[in-house]
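Beneath this line is the structure, given in structure tokens, with notes to follow.
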Amino acid sequence: MAYHSQSYTGYTPSAPPVPEPQGSSQPYPPSNYYGQTTYPSHGHSDFPPGTHPEIIRSFQMVDRDRSGFIDEAELQQALSSGYQRFSLRTIRLLVFLFKNPNSLRIGPKEFAALWSCLGQWRAIFERFDKDRSGKIDSMELRDALYSLGYAIPPSVLQVLISRYDDRSGRRVELKFDSFVECGMIVKGLTEKFKEKDPRYTGSATLTYDAFLSLIIPFLVS
């Protein structure tokens, strides 16, 4: 698997430039592939400055106990008001990636970052859903990931797609939530691997325990 840059942060894709050729010596996507969406300031104390009021309203509607945090079921409900319904498996991955450091739930800051993230993943999804079917196939997924700097080999692409095969014999196609899940798994595992490859060589030596610690959270979320 090839990568094309030096570093990046967060889980939010910005509108990406055309990636470098696969022969690039830098194996990771560039930092400007990932960023935050900003909004006019609305001054809500529990959310980051500039958070759009629609995001605040969506959070408050599902935070019925007014704890300032929402769980998996509440997050699933909140996202269904702004996006198509998310599977519980995708929701669990989102909670794993965005949860508050001091909680297993999502707070206002995490929710705002997640909402911004999904908006930008949506733009990528729509860019590669060329027939406007609301789904993307394996080749469209490959192209979308490549546009973000990930040259996914066919064997890895097949493993990703197989997670969504319903064994009906029909061609596997991904809805938006499954696309987000695939993208964040690839990105998250790349982040973890990069920690073991500080010189960006594209290879690393891991102990068995380190390997399990890296992989398992993305498998069981």
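For the structure tokens, the naming scheme is as follows: chains receive sequential letters (A, B, ...) according to their order of presentation, residues are indexed from 1 within each chain, and ligands are indexed from 1 in presentation order.
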Checklist entry - Just asking: which residues within region 126-220 of chain A are strand (DSSP E or B) according to DSSP, as a VMD selection string? => result chain A and resid 136 150 to 151 174
Checklist entry - Can you list, as an NGL selection string, every protein, DNA or RNA residue that comes within 8 Å of Asp71 (chain A) when you count only C-alpha atoms, leaving out same-chain residues fewer than 5 positions away? => result :A and (104-106)
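Near Gln60 (chain A), within 12 Å and counting only C-alpha atoms, sit His44, Asp46, Phe47, Pro53, Glu54, Arg66, Ser67, Gly68, Phe69, Ile70, Glu74, Leu75, Gln77, Ala78, Gly107, Pro108, Phe111 and Ala112 of chain A, not including residues fewer than 6 positions from it in the same chain.
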Since we have the selection now, will you write its residues out, keeping C-alpha atoms, as an mmCIF file, in the first residue's frame?
data_model
loop_
_atom_site.group_PDB
_atom_site.id
_atom_site.type_symbol
_atom_site.label_atom_id
_atom_site.label_comp_id
_atom_site.auth_asym_id
_atom_site.auth_seq_id
_atom_site.Cartn_x
_atom_site.Cartn_y
_atom_site.Cartn_z
ATOM 1 C CA HIS A 44 -22.558 29.018 22.538
ATOM 2 C CA ASP A 46 -20.275 24.538 25.383
ATOM 3 C CA PHE A 47 -19.347 24.386 21.703
ATOM 4 C CA PRO A 53 -26.604 26.685 15.414
ATOM 5 C CA GLU A 54 -28.004 23.674 13.530
ATOM 6 C CA ARG A 66 -28.929 17.467 29.812
ATOM 7 C CA SER A 67 -25.718 15.743 30.867
ATOM 8 C CA GLY A 68 -23.712 17.471 28.147
ATOM 9 C CA PHE A 69 -22.822 14.101 26.603
ATOM 10 C CA ILE A 70 -24.567 11.713 24.214
ATOM 11 C CA GLU A 74 -28.369 9.352 20.876
ATOM 12 C CA LEU A 75 -25.595 9.965 18.347
ATOM 13 C CA GLN A 77 -30.528 9.659 16.327
ATOM 14 C CA ALA A 78 -28.755 13.014 15.988
ATOM 15 C CA GLY A 107 -19.516 15.958 24.181
ATOM 16 C CA PRO A 108 -20.303 19.246 22.408
ATOM 17 C CA PHE A 111 -19.958 16.438 18.236
ATOM 18 C CA ALA A 112 -19.092 19.656 16.402
#
Checklist entry - Quick one: of A:Phe86, A:Thr51, A:Arg132, A:Leu145, who's nearest to Met184 (chain A), counting only C-alpha atoms? => result A:Leu145
Checklist entry - Tell me, which residues of region 19-189 of chain A carry DSSP helix (DSSP H, G or I), written as a ChimeraX atom specification? => result /A:31-33,53-62,72-80,88-98,108-128,138-147,154-162,176-189
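One distance worth recording is that between CA of Pro198 (chain A) and CA of Val186 (chain A), which is 18.1 Å.
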Item to check | Separation of CA of Ser87 (chain A) from CA of Asp177 (chain A), in Å and rounded to one decimal | outcome: 7.0 Å
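You can rank A:Gly134, A:Thr190, A:Gly169, A:Asp63 by their closest distance to Ser203 (chain A) using only C-alpha atoms, and at the top of that list sits A:Thr190.
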